[in-house]
Every structure is written in structure tokens, then in C-alpha cells.
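Pasted below: target_39.txt, compact mmCIF, C-alpha atoms.
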```txt
# COMPACT_ATOMS: atom_id res chain seq x y z
CA MET A 1 -6.61 -26.00 -4.82
CA GLU A 2 -9.96 -26.54 -3.09
CA ASN A 3 -8.39 -29.29 -0.97
CA ARG A 4 -5.62 -26.94 0.22
CA ILE A 5 -8.04 -24.16 1.26
CA LYS A 6 -9.25 -25.14 4.74
CA ASP A 7 -11.43 -22.07 5.33
CA ASN A 8 -15.23 -22.17 5.06
CA PRO A 9 -16.90 -21.04 2.96
CA LYS A 10 -14.28 -21.86 0.32
CA ASN A 11 -15.08 -18.73 -1.72
CA LYS A 12 -14.50 -16.29 1.18
CA VAL A 13 -11.52 -14.86 -0.71
CA ASP A 14 -13.92 -13.59 -3.40
CA ALA A 15 -15.24 -11.00 -0.93
CA MET A 16 -11.68 -9.71 -0.42
CA ILE A 17 -10.64 -9.49 -4.07
CA LEU A 18 -13.93 -8.12 -5.44
CA PRO A 19 -13.38 -4.46 -4.35
CA VAL A 20 -9.67 -4.49 -5.28
CA THR A 21 -9.58 -6.14 -8.72
CA GLY A 22 -13.00 -7.61 -9.44
CA LEU A 23 -13.59 -11.35 -9.78
CA PRO A 24 -11.17 -13.39 -11.89
CA ALA A 25 -12.21 -15.11 -15.12
CA THR A 26 -9.27 -17.54 -15.36
CA ILE A 27 -6.92 -19.35 -12.99
CA GLY A 28 -4.16 -16.97 -14.14
CA ASP A 29 -6.35 -14.01 -13.19
CA TYR A 30 -7.05 -15.67 -9.83
CA VAL A 31 -3.34 -15.93 -9.06
CA ASP A 32 -2.68 -12.32 -10.11
CA PHE A 33 -5.75 -10.87 -8.39
CA THR A 34 -5.14 -12.65 -5.08
CA GLN A 35 -1.51 -11.52 -5.07
CA ILE A 36 -2.50 -7.89 -5.74
CA THR A 37 -5.18 -8.07 -3.03
CA GLN A 38 -2.69 -9.50 -0.53
CA ALA A 39 -0.14 -6.81 -1.41
CA GLU A 40 -2.70 -4.00 -1.04
CA GLY A 41 -3.86 -5.43 2.31
CA LEU A 42 -0.31 -5.63 3.66
CA LYS A 43 0.39 -2.09 2.45
CA PHE A 44 -2.77 -0.70 4.05
CA GLY A 45 -2.13 -2.33 7.43
CA ILE A 46 1.58 -1.62 7.69
CA GLU A 47 1.17 2.03 6.67
CA HIS A 48 -1.50 2.40 9.37
CA TYR A 49 0.70 0.98 12.12
CA ARG A 50 3.78 2.91 11.04
CA ARG A 51 1.82 6.19 11.09
CA ARG A 52 0.87 5.47 14.73
CA LYS A 53 4.49 5.84 15.83
CA PRO A 54 5.41 5.82 18.73
CA HIS A 55 2.18 4.22 20.05
CA CYS A 56 2.57 1.22 17.74
CA SER A 57 5.07 1.08 14.94
CA GLY A 58 6.00 -2.58 14.76
CA THR A 59 4.67 -5.26 12.45
CA LEU A 60 5.74 -8.81 11.69
CA ILE A 61 5.49 -10.73 8.45
CA TRP A 62 3.56 -13.88 9.29
CA GLN A 63 4.77 -16.07 6.44
CA LEU A 64 7.86 -15.13 4.45
CA ASN A 65 8.06 -18.18 2.18
CA ASP A 66 6.21 -21.37 1.25
CA CYS A 67 7.53 -24.78 2.24
CA TRP A 68 5.60 -26.40 -0.66
CA PRO A 69 3.79 -25.06 -3.74
CA GLY A 70 0.30 -23.72 -3.12
CA VAL A 71 -1.93 -20.80 -2.21
CA SER A 72 -0.78 -19.03 0.97
CA TRP A 73 -0.02 -15.69 2.62
CA SER A 74 3.70 -15.96 1.88
CA VAL A 75 5.50 -13.20 0.00
CA LEU A 76 8.04 -15.58 -1.56
CA ASP A 77 6.77 -18.64 -3.41
CA PHE A 78 8.09 -22.19 -2.94
CA TYR A 79 10.86 -21.54 -5.49
CA GLY A 80 11.96 -18.31 -3.79
CA PHE A 81 10.44 -15.98 -6.37
CA PRO A 82 8.99 -12.76 -4.94
CA LYS A 83 5.22 -12.29 -5.12
CA ALA A 84 3.59 -8.86 -5.48
CA GLY A 85 3.45 -8.50 -1.68
CA TYR A 86 7.24 -8.73 -1.47
CA HIS A 87 7.68 -5.71 -3.72
CA TYR A 88 5.03 -3.74 -1.82
CA LEU A 89 6.81 -4.56 1.47
CA ARG A 90 10.09 -3.20 0.13
CA ARG A 91 8.38 0.18 -0.35
CA VAL A 92 6.25 0.21 2.80
CA TYR A 93 9.23 -0.61 5.05
CA ALA A 94 11.47 2.11 3.59
CA PRO A 95 13.13 4.14 6.40
CA LEU A 96 11.28 7.23 5.13
CA MET A 97 7.71 6.49 4.05
CA ALA A 98 4.94 8.67 2.65
CA SER A 99 1.38 7.38 3.06
CA PHE A 100 -2.15 8.68 2.65
CA LYS A 101 -4.72 8.43 5.43
CA ALA A 102 -8.40 8.69 4.50
CA LEU A 103 -10.51 10.55 7.08
CA GLU A 104 -14.18 9.99 7.90
CA ASP A 105 -15.31 13.24 6.24
CA GLY A 106 -13.81 12.20 2.88
CA SER A 107 -10.68 14.32 3.20
CA VAL A 108 -7.19 12.82 3.04
CA GLU A 109 -3.98 13.47 4.96
CA LEU A 110 -0.47 12.76 3.71
CA TRP A 111 1.85 11.50 6.42
CA ILE A 112 5.63 11.15 6.47
CA THR A 113 7.02 8.45 8.75
CA ASN A 114 10.70 8.77 9.58
CA ASP A 115 12.55 5.77 11.07
CA ARG A 116 15.91 7.44 10.73
CA ALA A 117 17.97 8.68 13.67
CA GLU A 118 18.05 12.17 12.16
CA ASP A 119 15.53 14.87 11.30
CA VAL A 120 14.52 14.96 7.64
CA THR A 121 13.44 17.84 5.45
CA GLY A 122 12.63 17.96 1.80
CA ALA A 123 10.06 18.54 -0.89
CA LEU A 124 7.50 16.25 -2.44
CA THR A 125 4.80 16.43 -5.07
CA VAL A 126 1.20 15.37 -4.47
CA ALA A 127 -0.90 14.85 -7.60
CA LEU A 128 -4.43 13.75 -8.41
CA LEU A 129 -4.65 11.54 -11.50
CA ASP A 130 -7.66 10.39 -13.49
CA MET A 131 -6.99 6.85 -14.71
CA ARG A 132 -9.54 7.19 -17.56
CA MET A 133 -7.56 9.89 -19.33
CA GLY A 134 -4.66 9.54 -21.74
CA GLU A 135 -1.09 9.40 -20.46
CA GLY A 136 -0.29 13.07 -20.94
CA GLU A 137 -3.71 14.25 -19.74
CA ALA A 138 -4.08 12.16 -16.57
CA THR A 139 -2.93 14.81 -14.06
CA LEU A 140 -5.89 16.84 -12.78
CA TRP A 141 -3.70 18.88 -10.43
CA SER A 142 -0.36 18.69 -8.64
CA GLU A 143 1.11 20.55 -5.70
CA GLU A 144 4.62 20.81 -4.28
CA VAL A 145 4.86 20.44 -0.50
CA ARG A 146 7.80 21.09 1.83
CA TYR A 147 8.11 18.75 4.82
CA ALA A 148 10.12 18.50 8.03
CA VAL A 149 9.80 15.44 10.25
CA PRO A 150 11.83 14.83 13.42
CA ASP A 151 13.97 11.74 13.91
CA ASN A 152 11.93 8.62 14.70
CA GLY A 153 8.72 10.58 14.10
CA SER A 154 5.53 10.41 12.07
CA GLN A 155 3.23 13.32 11.25
CA PRO A 156 0.83 14.70 8.65
CA VAL A 157 2.44 17.14 6.19
CA TRP A 158 -0.46 17.85 3.81
CA SER A 159 -4.23 17.48 3.63
CA GLY A 160 -6.77 17.60 0.85
CA THR A 161 -10.49 18.21 1.17
CA ALA A 162 -13.11 15.78 -0.10
CA GLU A 163 -14.26 18.41 -2.60
CA ARG A 164 -10.78 18.86 -4.05
CA ILE A 165 -10.15 15.13 -4.39
CA GLY A 166 -13.63 14.09 -5.53
CA ALA A 167 -15.35 10.78 -4.85
CA ASP A 168 -14.59 9.04 -8.13
CA SER A 169 -13.13 5.53 -8.30
CA SER A 170 -11.12 6.43 -11.41
CA ARG A 171 -9.09 9.04 -9.48
CA VAL A 172 -5.93 8.26 -7.55
CA LEU A 173 -3.69 10.38 -5.35
CA VAL A 174 0.05 9.89 -5.78
CA VAL A 175 3.03 11.24 -3.89
CA ARG A 176 6.62 11.38 -5.12
CA ALA A 177 9.69 12.71 -3.44
CA ASN A 178 11.50 15.50 -5.28
CA GLY A 179 14.63 13.37 -5.42
CA ASP A 180 14.87 9.84 -4.04
CA ALA A 181 14.16 10.40 -0.32
CA PHE A 182 11.33 7.82 -0.28
CA PRO A 183 9.54 5.48 -2.69
CA ALA A 184 6.55 6.84 -4.62
CA ASN A 185 3.14 5.88 -3.28
```

The structure in this file should be written as C-alpha cells.
Amino acid sequence: MENRIKDNPKNKVDAMILPVTGLPATIGDYVDFTQITQAEGLKFGIEHYRRRKPHCSGTLIWQLNDCWPGVSWSVLDFYGFPKAGYHYLRRVYAPLMASFKALEDGSVELWITNDRAEDVTGALTVALLDMRMGEGEATLWSEEVRYAVPDNGSQPVWSGTAERIGADSSRVLVVRANGDAFPAN
């Protein structure tokens, strides 16, 4: 694997995976952790550009598949099997997408991006979960939100203050459509 990685220093990828998953202990962990880090990076970037509609709402996938086995940025491996990034891309390129945008003051906005040729309205649920708690106790709070987004538009539909969300790495915001209007995020 070291021979295939042409970048210097060779361990530069460690700086990328450390904040997402921590450092791997085994080669199996390395494969999993790098795929999750790639998927999260693609998700972060594509959501950003799609929210900027109409200023910039286009992105290209640099490497769809591998032409030989190895470590790469592809989202399909040499055998055609989807990597984690492939599944993330299916969600992030949905015609109706919900995404969170962190603001400098610690607050968060929820945006709906609509690529459809029609206005959309609906309801969604935003929830704050604590990943340290048991399955039935994980929800700290949830809120139902109504949204209306014009055709081919992107706009914030909800915001949460830094105090309400809390700066705790075990907490995660989730959004789900009330129905199947868009994939959960």
C-alpha cells in the first residue's frame, strides 16, 4: 500500500481521519475509517455547494470506480462494489435535500435544497440526540417544522442556538422528513 500512495508525507491521511473516526488499529479499521472519512468529506462539500444555489450548485465526482484494486478516491471498488461514499452520495444528491449549516457563533441552520421543477411544502422533525444514552433515552429534544421551498431553490427553514444545541461531541442533530420527501440526515 505504501508503494501505491504517492503523496508525501505518506501518513498525511492520518490527519484527515483522526477527527472523524480516530486512528485505526488494524488494516481492516484503516479501510473502514478511510471510507467513512471520504464519505463524510464528500457529504460536507456537496451539501455546501448545493445550499449555495443558484450561485454554485454543481459538483462532479472525480473518480467513480477503480481500474485496479487499491486505495483511491473512487466510490466503487475495482469489483464494482459500492464504498461508503457511494451510499452517502445517493442521499446527498436526492432532488430534495435537508442539510445542516454550522455558523461561526455556534448556532446551526437547517436548509432545504429543492432541485425539483415545482415548489415543495411539508413537515420535518429536527431532533438532538445524545449518543452516550440508551436507545430509548437518546433524544434530548425534538421539534416539528413546516417548510416551503420554491422550485429550484435553497433556503434555511430552521435555526438552533448554540446554547440549545450544546458544544458536546456526543450530541448529534438529525432531521427526518415526516413522510419520505427526502432522506434523513

Go through A:Val71, A:Thr34, A:Asp115, A:Glu109 one by one, measure the shortest atom-to-atom distance of each to Pro54 in chain A using only C-alpha atoms, and give the residue with the smallest value.
A:Asp115

So which residues fall inside 12 Å of (-6.1, 21.3, -9.9) if we count only C-alpha atoms? Mind giving them as a list in words?
Val126, Ala127, Leu128, Leu129, Asp130, Ala138, Thr139, Leu140, Trp141, Ser142, Glu143, Gly160, Glu163, Arg164, Ile165 and Gly166 of chain A

Atom-to-atom span, CA of Leu124 in chain A and CA of Tyr49 in chain A, Å
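Atom-to-atom, CA of Leu124 in chain A and CA of Tyr49 in chain A are spaced 22.2 Å apart.
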
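With all atoms listed in the file as the basis for measurement, A:Ala148 is the residue among A:Ala102, A:Val172, A:Met131, A:Ala148 that approaches Asp119 in chain A most closely.
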
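Distance-wise, CA of Ser154 in chain A and CA of Gly106 in chain A end up 21.5 Å apart.
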
So how many Å separate CA of Thr26 in chain A and CA of Ser169 in chain A, to one decimal?
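Computed distance, CA of Thr26 in chain A to CA of Ser169 in chain A, equals 24.4 Å.
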
Student task, range 108-120 of chain A output with all heavy atoms as a compact mmCIF listing (two decimals), in the first residue's frame:
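part.txt was written with the following content:
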```txt
# COMPACT_ATOMS: atom_id res chain seq x y z
N VAL A 108 -26.77 26.73 14.47
CA VAL A 108 -26.89 25.87 13.30
C VAL A 108 -28.17 26.22 12.56
O VAL A 108 -29.21 26.47 13.17
CB VAL A 108 -26.92 24.38 13.73
CG1 VAL A 108 -27.18 23.47 12.55
CG2 VAL A 108 -25.63 23.99 14.43
N GLU A 109 -28.08 26.23 11.23
CA GLU A 109 -29.26 26.39 10.38
C GLU A 109 -29.56 25.08 9.68
O GLU A 109 -28.64 24.32 9.35
CB GLU A 109 -29.01 27.45 9.30
CG GLU A 109 -28.90 28.85 9.82
CD GLU A 109 -28.61 29.86 8.72
OE1 GLU A 109 -28.02 29.48 7.67
OE2 GLU A 109 -28.96 31.03 8.91
N LEU A 110 -30.83 24.82 9.46
CA LEU A 110 -31.26 23.69 8.65
C LEU A 110 -31.76 24.24 7.32
O LEU A 110 -32.64 25.11 7.29
CB LEU A 110 -32.38 22.90 9.33
CG LEU A 110 -33.02 21.80 8.48
CD1 LEU A 110 -32.01 20.73 8.09
CD2 LEU A 110 -34.21 21.19 9.19
N TRP A 111 -31.18 23.77 6.24
CA TRP A 111 -31.53 24.21 4.90
C TRP A 111 -32.25 23.09 4.16
O TRP A 111 -31.94 21.92 4.33
CB TRP A 111 -30.28 24.56 4.11
CG TRP A 111 -29.66 25.86 4.50
CD1 TRP A 111 -29.13 26.19 5.72
CD2 TRP A 111 -29.49 27.00 3.67
NE1 TRP A 111 -28.64 27.47 5.68
CE2 TRP A 111 -28.84 27.98 4.44
CE3 TRP A 111 -29.79 27.28 2.34
CZ2 TRP A 111 -28.51 29.23 3.93
CZ3 TRP A 111 -29.46 28.53 1.83
CH2 TRP A 111 -28.84 29.49 2.63
N ILE A 112 -33.20 23.49 3.29
CA ILE A 112 -33.81 22.57 2.34
C ILE A 112 -33.39 23.04 0.95
O ILE A 112 -33.56 24.21 0.61
CB ILE A 112 -35.35 22.54 2.44
CG1 ILE A 112 -35.80 22.10 3.84
CG2 ILE A 112 -35.94 21.64 1.36
CD1 ILE A 112 -35.52 20.65 4.17
N THR A 113 -32.84 22.13 0.17
CA THR A 113 -32.45 22.40 -1.21
C THR A 113 -33.39 21.61 -2.11
O THR A 113 -33.53 20.40 -1.95
CB THR A 113 -30.99 22.00 -1.46
OG1 THR A 113 -30.16 22.73 -0.55
CG2 THR A 113 -30.56 22.31 -2.89
N ASN A 114 -34.02 22.33 -3.04
CA ASN A 114 -35.04 21.74 -3.90
C ASN A 114 -34.59 21.81 -5.36
O ASN A 114 -34.56 22.88 -5.94
CB ASN A 114 -36.36 22.51 -3.71
CG ASN A 114 -37.47 21.98 -4.59
OD1 ASN A 114 -37.37 20.92 -5.18
ND2 ASN A 114 -38.55 22.76 -4.70
N ASP A 115 -34.26 20.68 -5.95
CA ASP A 115 -33.89 20.63 -7.36
C ASP A 115 -35.08 20.32 -8.27
O ASP A 115 -34.92 20.19 -9.47
CB ASP A 115 -32.82 19.55 -7.59
CG ASP A 115 -31.45 19.97 -7.12
OD1 ASP A 115 -31.23 21.18 -6.92
OD2 ASP A 115 -30.60 19.09 -6.93
N ARG A 116 -36.23 20.21 -7.70
CA ARG A 116 -37.42 19.88 -8.49
C ARG A 116 -37.92 21.11 -9.25
O ARG A 116 -37.61 22.24 -8.90
CB ARG A 116 -38.51 19.35 -7.59
CG ARG A 116 -38.13 18.04 -6.93
CD ARG A 116 -39.21 17.53 -6.04
NE ARG A 116 -38.83 16.25 -5.48
CZ ARG A 116 -39.35 15.75 -4.39
NH1 ARG A 116 -40.29 16.41 -3.75
NH2 ARG A 116 -38.95 14.59 -3.95
N ALA A 117 -38.72 20.87 -10.26
CA ALA A 117 -39.30 21.94 -11.06
C ALA A 117 -40.66 22.36 -10.51
O ALA A 117 -41.50 22.87 -11.24
CB ALA A 117 -39.44 21.49 -12.52
N GLU A 118 -40.86 22.14 -9.21
CA GLU A 118 -42.11 22.52 -8.55
C GLU A 118 -41.81 22.94 -7.12
O GLU A 118 -40.85 22.46 -6.51
CB GLU A 118 -43.10 21.37 -8.57
CG GLU A 118 -42.60 20.13 -7.85
CD GLU A 118 -43.47 18.90 -8.07
OE1 GLU A 118 -44.29 18.91 -9.00
OE2 GLU A 118 -43.30 17.95 -7.31
N ASP A 119 -42.63 23.83 -6.59
CA ASP A 119 -42.50 24.23 -5.19
C ASP A 119 -42.78 23.01 -4.31
O ASP A 119 -43.57 22.13 -4.69
CB ASP A 119 -43.51 25.33 -4.85
CG ASP A 119 -43.27 26.62 -5.64
OD1 ASP A 119 -42.24 26.73 -6.32
OD2 ASP A 119 -44.13 27.51 -5.55
N VAL A 120 -42.14 22.97 -3.14
CA VAL A 120 -42.38 21.87 -2.22
C VAL A 120 -42.76 22.42 -0.85
O VAL A 120 -42.26 23.46 -0.42
CB VAL A 120 -41.16 20.92 -2.07
CG1 VAL A 120 -40.88 20.21 -3.37
CG2 VAL A 120 -39.94 21.67 -1.59
```
